[in-house]
>>> print(open('coords23.txt').read())   # compact mmCIF, C-alpha atoms and all ligand atoms
# COMPACT_ATOMS: atom_id res chain seq x y z
CA MET A 10 27.04 70.37 -38.77
CA LYS A 11 24.58 71.45 -41.46
CA LEU A 12 25.29 74.82 -43.05
CA GLY A 13 22.88 77.30 -44.56
CA PRO A 14 22.81 77.82 -48.36
CA SER A 15 24.33 81.31 -48.11
CA GLU A 16 27.27 80.01 -46.03
CA ILE A 17 27.94 77.37 -48.69
CA GLU A 18 27.52 79.83 -51.55
CA ASN A 19 29.69 82.55 -50.01
CA GLY A 20 32.23 80.18 -48.45
CA VAL A 21 31.90 81.89 -45.08
CA LEU A 22 30.65 80.34 -41.84
CA SER A 23 28.34 82.34 -39.61
CA ALA A 24 29.89 83.46 -36.30
CA GLU A 25 27.74 80.91 -34.50
CA HIS A 26 28.75 78.02 -36.75
CA LEU A 27 32.42 79.01 -36.60
CA GLU A 28 32.30 78.95 -32.81
CA LEU A 29 30.58 75.56 -32.86
CA ALA A 30 33.12 74.18 -35.32
CA LEU A 31 36.04 75.38 -33.17
CA ARG A 32 34.49 73.95 -30.03
CA SER A 33 33.97 70.63 -31.72
CA LEU A 34 37.52 70.53 -33.09
CA ASN A 35 38.97 71.41 -29.70
CA GLU A 36 36.72 69.34 -27.46
CA VAL A 37 35.64 66.41 -29.63
CA GLY A 38 38.64 66.34 -31.97
CA TYR A 39 36.88 66.87 -35.27
CA ILE A 40 34.07 68.65 -37.06
CA VAL A 41 32.02 67.53 -40.06
CA LEU A 42 30.53 70.13 -42.44
CA GLU A 43 27.86 68.01 -44.06
CA ASN A 44 27.47 67.73 -47.81
CA ILE A 45 28.83 71.13 -48.82
CA LEU A 46 30.58 70.38 -52.13
CA PRO A 47 28.88 70.18 -55.53
CA ASP A 48 27.83 66.60 -56.40
CA ASP A 49 29.36 66.73 -59.88
CA LEU A 50 32.77 67.84 -58.56
CA VAL A 51 32.80 65.04 -55.96
CA ALA A 52 31.69 62.45 -58.52
CA SER A 53 34.40 63.50 -60.99
CA LEU A 54 37.01 63.40 -58.23
CA ASN A 55 35.97 59.88 -57.26
CA GLN A 56 36.07 58.87 -60.91
CA GLY A 57 39.55 60.42 -61.19
CA PHE A 58 40.74 58.39 -58.20
CA GLU A 59 39.19 55.25 -59.64
CA MET A 60 41.07 55.77 -62.91
CA GLU A 61 44.30 56.25 -60.97
CA PHE A 62 43.70 53.05 -59.01
CA GLU A 63 43.09 51.13 -62.23
CA ARG A 64 46.22 52.64 -63.81
CA ARG A 65 48.33 51.74 -60.78
CA MET A 66 46.67 48.42 -59.98
CA ALA A 67 49.87 46.34 -60.03
CA GLU A 68 51.58 48.61 -57.49
CA CYS A 69 48.43 48.73 -55.31
CA LYS A 70 47.86 44.96 -55.37
CA GLU A 71 51.38 44.33 -54.18
CA GLU A 72 50.83 46.43 -51.08
CA LEU A 73 47.21 45.71 -50.29
CA ALA A 74 47.80 42.49 -48.39
CA LYS A 75 50.31 44.24 -46.10
CA VAL A 76 47.95 47.07 -45.20
CA GLU A 77 44.75 45.13 -44.52
CA GLY A 78 43.09 46.51 -47.65
CA HIS A 79 43.55 50.16 -46.60
CA LYS A 80 45.60 51.69 -49.38
CA GLY A 81 45.47 55.26 -50.61
CA ILE A 82 47.49 56.99 -53.31
CA GLY A 83 48.96 60.40 -54.05
CA ILE A 84 47.43 62.00 -57.11
CA PRO A 85 48.76 63.79 -60.22
CA PHE A 86 48.76 67.58 -60.51
CA GLU A 87 45.75 67.50 -62.80
CA GLN A 88 42.12 68.44 -62.79
CA PRO A 89 39.76 67.64 -61.20
CA PHE A 90 42.15 66.87 -58.29
CA MET A 91 43.44 70.44 -58.11
CA ASP A 92 40.08 72.22 -57.94
CA PRO A 93 40.41 75.19 -55.51
CA MET A 94 37.26 73.99 -53.73
CA ILE A 95 39.24 70.89 -52.77
CA ILE A 96 42.78 72.16 -52.18
CA ALA A 97 41.85 75.53 -50.65
CA ASN A 98 38.29 75.18 -49.48
CA PRO A 99 37.33 78.51 -47.90
CA LEU A 100 35.11 76.95 -45.21
CA ALA A 101 37.79 74.48 -44.12
CA LEU A 102 40.41 77.24 -44.21
CA GLN A 103 38.23 79.54 -42.11
CA ILE A 104 38.11 76.90 -39.37
CA ILE A 105 41.79 76.04 -39.69
CA GLY A 106 42.82 79.71 -39.74
CA SER A 107 40.84 80.37 -36.56
CA ALA A 108 42.18 77.24 -34.84
CA MET A 109 45.83 77.45 -35.91
CA GLY A 110 46.39 81.01 -37.09
CA PRO A 111 46.61 82.52 -40.58
CA ASP A 112 50.04 81.13 -41.42
CA SER A 113 49.29 77.43 -41.46
CA PHE A 114 50.79 75.68 -44.46
CA SER A 115 50.40 72.57 -46.55
CA PHE A 116 51.89 70.78 -49.56
CA LEU A 117 50.56 69.27 -52.76
CA PRO A 118 49.68 66.74 -53.91
CA TYR A 119 47.40 65.41 -51.20
CA HIS A 120 46.57 61.72 -50.78
CA SER A 121 43.55 59.50 -50.49
CA ASN A 122 42.56 57.15 -47.70
CA THR A 123 40.88 54.26 -49.42
CA ALA A 124 39.21 51.19 -47.94
CA TRP A 125 39.20 48.54 -50.65
CA PRO A 126 36.46 45.89 -50.88
CA ASP A 127 37.11 43.19 -48.24
CA SER A 128 39.44 45.46 -46.25
CA GLY A 129 40.06 44.49 -42.64
CA VAL A 130 40.03 46.46 -39.40
CA GLN A 131 43.00 48.82 -39.07
CA HIS A 132 44.85 49.01 -35.78
CA ILE A 133 43.76 51.99 -33.68
CA HIS A 134 46.22 54.82 -34.12
CA ARG A 135 46.77 58.54 -34.00
CA ASP A 136 48.46 60.16 -36.99
CA THR A 137 50.68 62.41 -34.94
CA ARG A 138 52.07 62.62 -31.42
CA HIS A 139 51.74 65.38 -28.85
CA LEU A 140 54.44 68.03 -29.22
CA PHE A 141 55.09 68.08 -25.46
CA PRO A 142 53.95 64.67 -24.17
CA ASP A 143 55.71 65.14 -20.84
CA THR A 144 53.63 68.11 -19.72
CA THR A 145 50.15 67.89 -18.24
CA ASN A 146 48.89 70.58 -20.61
CA VAL A 147 47.11 69.67 -23.80
CA LEU A 148 48.04 72.06 -26.57
CA PRO A 149 45.57 73.26 -29.18
CA PRO A 150 45.80 71.50 -32.55
CA THR A 151 48.97 72.01 -34.58
CA LEU A 152 48.32 69.39 -37.24
CA VAL A 153 44.94 68.77 -38.82
CA VAL A 154 43.74 66.72 -41.75
CA VAL A 155 41.00 67.79 -44.13
CA ASN A 156 39.07 64.69 -45.21
CA ILE A 157 36.52 64.73 -48.01
CA PRO A 158 34.47 61.55 -48.50
CA LEU A 159 34.04 60.89 -52.23
CA ILE A 160 31.13 58.50 -51.83
CA ASP A 161 28.61 58.27 -48.99
CA PHE A 162 30.38 56.86 -45.92
CA THR A 163 28.30 54.09 -44.36
CA ILE A 164 28.75 51.31 -41.83
CA GLU A 165 28.69 48.85 -44.74
CA ASN A 166 31.57 50.47 -46.64
CA GLY A 167 33.74 51.10 -43.59
CA ALA A 168 33.24 54.69 -42.45
CA THR A 169 36.24 55.63 -40.27
CA GLU A 170 35.83 54.84 -36.56
CA VAL A 171 36.85 57.68 -34.22
CA TRP A 172 37.19 58.04 -30.45
CA PRO A 173 35.93 61.51 -29.47
CA GLY A 174 38.13 63.41 -27.03
CA THR A 175 41.16 61.13 -27.43
CA HIS A 176 43.26 63.88 -29.05
CA ARG A 177 43.55 65.12 -25.45
CA ILE A 178 44.95 61.88 -24.01
CA LEU A 179 48.54 62.56 -23.04
CA ASP A 180 49.83 59.30 -21.61
CA SER A 181 51.89 57.33 -24.02
CA ASP A 182 51.27 53.77 -25.13
CA PRO A 183 53.29 51.19 -23.14
CA SER A 184 54.78 50.00 -26.45
CA GLY A 185 56.63 53.33 -26.72
CA ASP A 186 55.18 53.83 -30.21
CA GLU A 187 53.94 57.41 -30.23
CA HIS A 188 51.25 56.62 -32.80
CA ALA A 189 49.94 53.47 -31.10
CA CYS A 190 46.77 53.52 -29.01
CA SER A 191 45.72 50.94 -26.46
CA GLU A 192 43.03 48.64 -27.91
CA GLU A 193 42.04 47.65 -24.33
CA ARG A 194 41.60 51.24 -23.30
CA ALA A 195 39.75 52.16 -26.48
CA ALA A 196 37.32 49.30 -25.83
CA GLN A 197 36.25 51.08 -22.62
CA MET A 198 35.59 54.39 -24.37
CA PRO A 199 32.75 55.50 -26.62
CA SER A 200 33.47 55.54 -30.33
CA LEU A 201 31.48 56.10 -33.48
CA GLN A 202 31.82 55.67 -37.21
CA THR A 203 31.85 58.83 -39.32
CA VAL A 204 28.75 58.05 -41.33
CA MET A 205 28.31 61.06 -43.64
CA PRO A 206 27.30 61.99 -47.16
CA ALA A 207 29.77 62.33 -50.03
CA GLY A 208 31.03 65.89 -50.41
CA SER A 209 31.15 66.61 -46.68
CA ILE A 210 34.31 68.17 -45.27
CA VAL A 211 35.90 66.90 -42.08
CA VAL A 212 38.57 68.83 -40.20
CA ARG A 213 40.23 66.45 -37.72
CA ASP A 214 42.92 66.93 -35.09
CA MET A 215 45.47 64.33 -36.14
CA ARG A 216 46.09 63.30 -32.53
CA MET A 217 42.62 61.76 -32.32
CA TRP A 218 42.46 57.96 -32.09
CA HIS A 219 40.86 56.38 -35.14
CA ARG A 220 40.93 53.42 -37.50
CA GLY A 221 39.80 52.39 -40.97
CA MET A 222 37.02 49.80 -40.93
CA PRO A 223 36.07 46.85 -43.14
CA ASN A 224 34.51 47.67 -46.47
CA GLY A 225 31.92 44.97 -47.11
CA THR A 226 30.79 46.42 -50.45
CA SER A 227 32.18 45.93 -53.94
CA GLN A 228 33.08 49.62 -54.39
CA ARG A 229 36.28 51.30 -53.18
CA ARG A 230 35.57 53.87 -50.42
CA SER A 231 37.90 56.85 -50.82
CA MET A 232 38.37 60.14 -49.06
CA VAL A 233 40.71 63.04 -49.74
CA ALA A 234 43.35 63.49 -47.01
CA LEU A 235 45.04 66.89 -47.03
CA VAL A 236 47.33 67.65 -44.09
CA VAL A 237 47.69 71.21 -42.76
CA TYR A 238 50.53 72.27 -40.44
CA HIS A 239 50.61 75.04 -37.84
CA ALA A 240 53.30 77.62 -38.67
CA LEU A 241 55.39 76.42 -35.72
CA HIS A 242 56.25 73.21 -37.58
CA ASN A 243 59.57 73.32 -39.33
CA GLN A 244 58.65 73.68 -42.99
CA ALA A 245 62.22 73.14 -44.12
CA ARG A 246 62.15 69.60 -42.74
CA LEU A 247 58.84 68.87 -44.45
CA GLU A 248 59.51 70.67 -47.70
CA ARG A 249 58.41 69.15 -51.01
CA ASN A 250 60.28 70.09 -54.16
CA THR A 251 57.67 69.04 -56.69
CA PRO A 252 56.56 72.27 -58.34
CA ILE A 253 52.91 73.22 -58.39
CA PRO A 254 51.94 73.83 -62.04
CA LYS A 255 51.53 77.53 -62.77
CA SER A 256 47.94 77.02 -63.95
CA VAL A 257 47.03 75.46 -60.59
CA TRP A 258 48.82 78.22 -58.69
CA GLU A 259 47.05 80.91 -60.70
CA SER A 260 43.66 79.35 -60.01
CA LEU A 261 44.19 79.66 -56.25
CA PRO A 262 42.73 82.49 -54.18
CA ASP A 263 45.23 84.40 -51.97
CA GLN A 264 44.39 82.19 -49.02
CA GLY A 265 45.34 79.12 -51.05
CA ARG A 266 48.61 80.66 -52.24
CA ASN A 267 49.46 81.43 -48.63
CA LEU A 268 48.74 77.80 -47.71
CA TYR A 269 51.15 76.41 -50.34
CA ARG A 270 53.72 79.21 -50.13
CA PHE A 271 56.66 76.89 -49.30
CA GLN A 272 56.31 74.91 -52.50
CA PRO A 273 57.93 75.98 -55.79
CA VAL A 274 55.73 77.01 -58.69
CA GLY A 275 56.56 75.45 -62.04
CA ALA A 276 55.88 76.27 -65.65
O1 LIG A 301 40.42 55.23 -44.32
C1 LIG A 301 40.05 55.44 -43.16
O2 LIG A 301 38.89 55.30 -42.80
C2 LIG A 301 41.03 55.94 -42.14
C3 LIG A 301 42.45 55.77 -42.56
C4 LIG A 301 43.35 56.67 -41.78
O3 LIG A 301 42.93 57.68 -41.29
C5 LIG A 301 44.74 56.36 -41.65
O4 LIG A 301 45.22 55.37 -42.20
O5 LIG A 301 45.43 57.13 -40.94
>>> encode(input="coords23.txt", output="structure tokens")
Amino acid sequence: MKLGPSEIENGVLSAEHLELALRSLNEVGYIVLENILPDDLVASLNQGFEMEFERRMAECKEELAKVEGHKGIGIPFEQPFMDPMIIANPLALQIIGSAMGPDSFSFLPYHSNTAWPDSGVQHIHRDTRHLFPDTTNVLPPTLVVVNIPLIDFTIENGATEVWPGTHRILDSDPSGDEHACSEERAAQMPSLQTVMPAGSIVVRDMRMWHRGMPNGTSQRRSMVALVVYHALHNQARLERNTPIPKSVWESLPDQGRNLYRFQPVGA
């Protein structure tokens, strides 16, 4: 979805765009707000991730072979990672608040999903199960991920493949694995790769079937992955004890403080 300049500047979706975004999230399983973040912020975030990858290369290399070249990292509580436009983006939060209520919550730090050069094809999976898989009713989303591509996502660099509508599929995989999705069944259904410009924001229902794709370029392809929980999830079970630095906390608008309210604030 392409937004108007005043929506981007004011951080508020028009009523029409909000309705479209909610319909897309509910019916398709995700919505893309195209190219809404400042280029320099996105470039400095990508550079920050690149520096982290270089710093932690030994640890990454050890794991890469096991994960088909799809290896993200958690990030330090530093700028530019903690920019309020990233961790409490008003447009993403408007959609999430309307879809899941005002008391959704999240934790910091977020992670990246990164397809390294020469990565393979990930197995098709959903990131979360249905809360009530034995009923015939599909619930609205209770767990969404905010993804922010940090470089242009293309077919060549392995834009994520998604299967629209599959967040509504209730029957479980014969393997019994609640995150597994049938490759045979997926092959019969339409899918597409999320080709989109850097600095877009995706809000995705985490039940939707998807997979990371091969990156045939020489540049790592990263996106921010920030998970947001509906208030019905048990925050005590999910709680993180790492304090959010006071400077980060103080930079957050009220909506952002509400989002991270279960996390301690440090010095
Ligand atoms: O990096 C990607 O394209 C998708 C990775 C992903 O969503 C996952 O591993 O759950």
>>> closest_atom_pairs(input="coords23.txt", of="chain A", to="ligand LIG 301 (chain A)", cutoff="6 Å", atoms="all atoms listed in the file", output="CSV")
residue,atom,partner,partner_atom,distance
A:Asn122,CA,A:LIG301,O1,4.4
A:Thr123,CA,A:LIG301,O1,5.2
A:Ala124,CA,A:LIG301,O1,5.6
A:Asp136,CA,A:LIG301,O5,5.8
A:Ala168,CA,A:LIG301,O2,5.7
A:Thr169,CA,A:LIG301,O2,3.7
A:Arg220,CA,A:LIG301,C2,5.3
A:Gly221,CA,A:LIG301,O2,3.6
>>> residues_around(input="coords23.txt", residues="Glu28 (chain A)", least_positions_apart="5", cutoff="12 Å", atoms="all atoms listed in the file", output="MDAnalysis selection string")
chainID A and resid 10 22:23 33:36 40 103:104 107:108
>>> residues_around(input="coords23.txt", residues="Asp214 (chain A)", least_positions_apart="3", cutoff="6 Å", atoms="only C-alpha atoms", output="PyMOL selection string")
chain A and resi 38+150+153+217
>>> closest_residue(input="coords23.txt", among="A:Phe114, A:Thr203, A:Pro273, A:Gln56", to="Ile164 (chain A)", atoms="all atoms listed in the file")
A:Thr203
>>> closest_atom_pairs(input="coords23.txt", of="region 86-140 of chain A", to="region 176-179 of chain A", cutoff="12 Å", atoms="only C-alpha atoms", output="Markdown table")
| residue | atom | partner | partner_atom | distance |
| --- | --- | --- | --- | --- |
| A:His134 | CA | A:His176 | CA | 10.8 |
| A:Arg135 | CA | A:His176 | CA | 8.1 |
| A:Asp136 | CA | A:His176 | CA | 10.2 |
| A:Thr137 | CA | A:His176 | CA | 9.6 |
| A:Arg138 | CA | A:Leu179 | CA | 9.1 |
| A:His139 | CA | A:Leu179 | CA | 7.2 |
| A:Leu140 | CA | A:Leu179 | CA | 10.1 |
>>> write_last_selection(input="coords23.txt", atoms="C-alpha atoms", output="compact mmCIF listing (two decimals), keeping the file's coordinate frame")
# COMPACT_ATOMS: atom_id res chain seq x y z
CA HIS A 134 46.22 54.82 -34.12
CA ARG A 135 46.77 58.54 -34.00
CA ASP A 136 48.46 60.16 -36.99
CA THR A 137 50.68 62.41 -34.94
CA ARG A 138 52.07 62.62 -31.42
CA HIS A 139 51.74 65.38 -28.85
CA LEU A 140 54.44 68.03 -29.22
>>> closest_atom_pairs(input="coords23.txt", of="region 182-245 of chain A", to="region 57-63 of chain A", cutoff="12 Å", atoms="all atoms listed in the file", output="Markdown table")
| residue | atom | partner | partner_atom | distance |
| --- | --- | --- | --- | --- |
| A:Gln228 | CA | A:Glu59 | CA | 9.8 |
| A:Arg229 | CA | A:Glu59 | CA | 8.1 |
| A:Arg230 | CA | A:Glu59 | CA | 10.0 |
| A:Ser231 | CA | A:Phe58 | CA | 8.1 |
| A:Met232 | CA | A:Phe58 | CA | 9.6 |
| A:Val233 | CA | A:Phe58 | CA | 9.7 |
>>> residues_around(input="coords23.txt", residues="region 158-163 of chain A", least_positions_apart="3", cutoff="6 Å", atoms="all atoms listed in the file", output="JSON, numbers by chain")
{"A": [51, 55, 166, 168, 204, 205, 206, 207, 208, 231, 232]}
>>> atom_distance(input="coords23.txt", atom1="CA of Leu152 (chain A)", atom2="CA of Leu54 (chain A)")
24.6 Å
>>> atom_distance(input="coords23.txt", atom1="CA of Met94 (chain A)", atom2="CA of Leu31 (chain A)")
20.6 Å
>>> residues_near_point(input="coords23.txt", point="(46.5, 55.1, -51.4)", cutoff="8 Å", atoms="all atoms listed in the file", output="ChimeraX atom specification")
/A:69,79-83,120-123
>>> residues_near_point(input="coords23.txt", point="(58.3, 74.9, -43.2)", cutoff="12 Å", atoms="all atoms listed in the file", output="list in words")
Asp112, Ser113, Phe114, Ser115, Phe116, Val237, Tyr238, His239, Ala240, Leu241, His242, Asn243, Gln244, Ala245, Arg246, Leu247, Glu248, Arg249, Leu268, Tyr269, Arg270, Phe271 and Gln272 of chain A
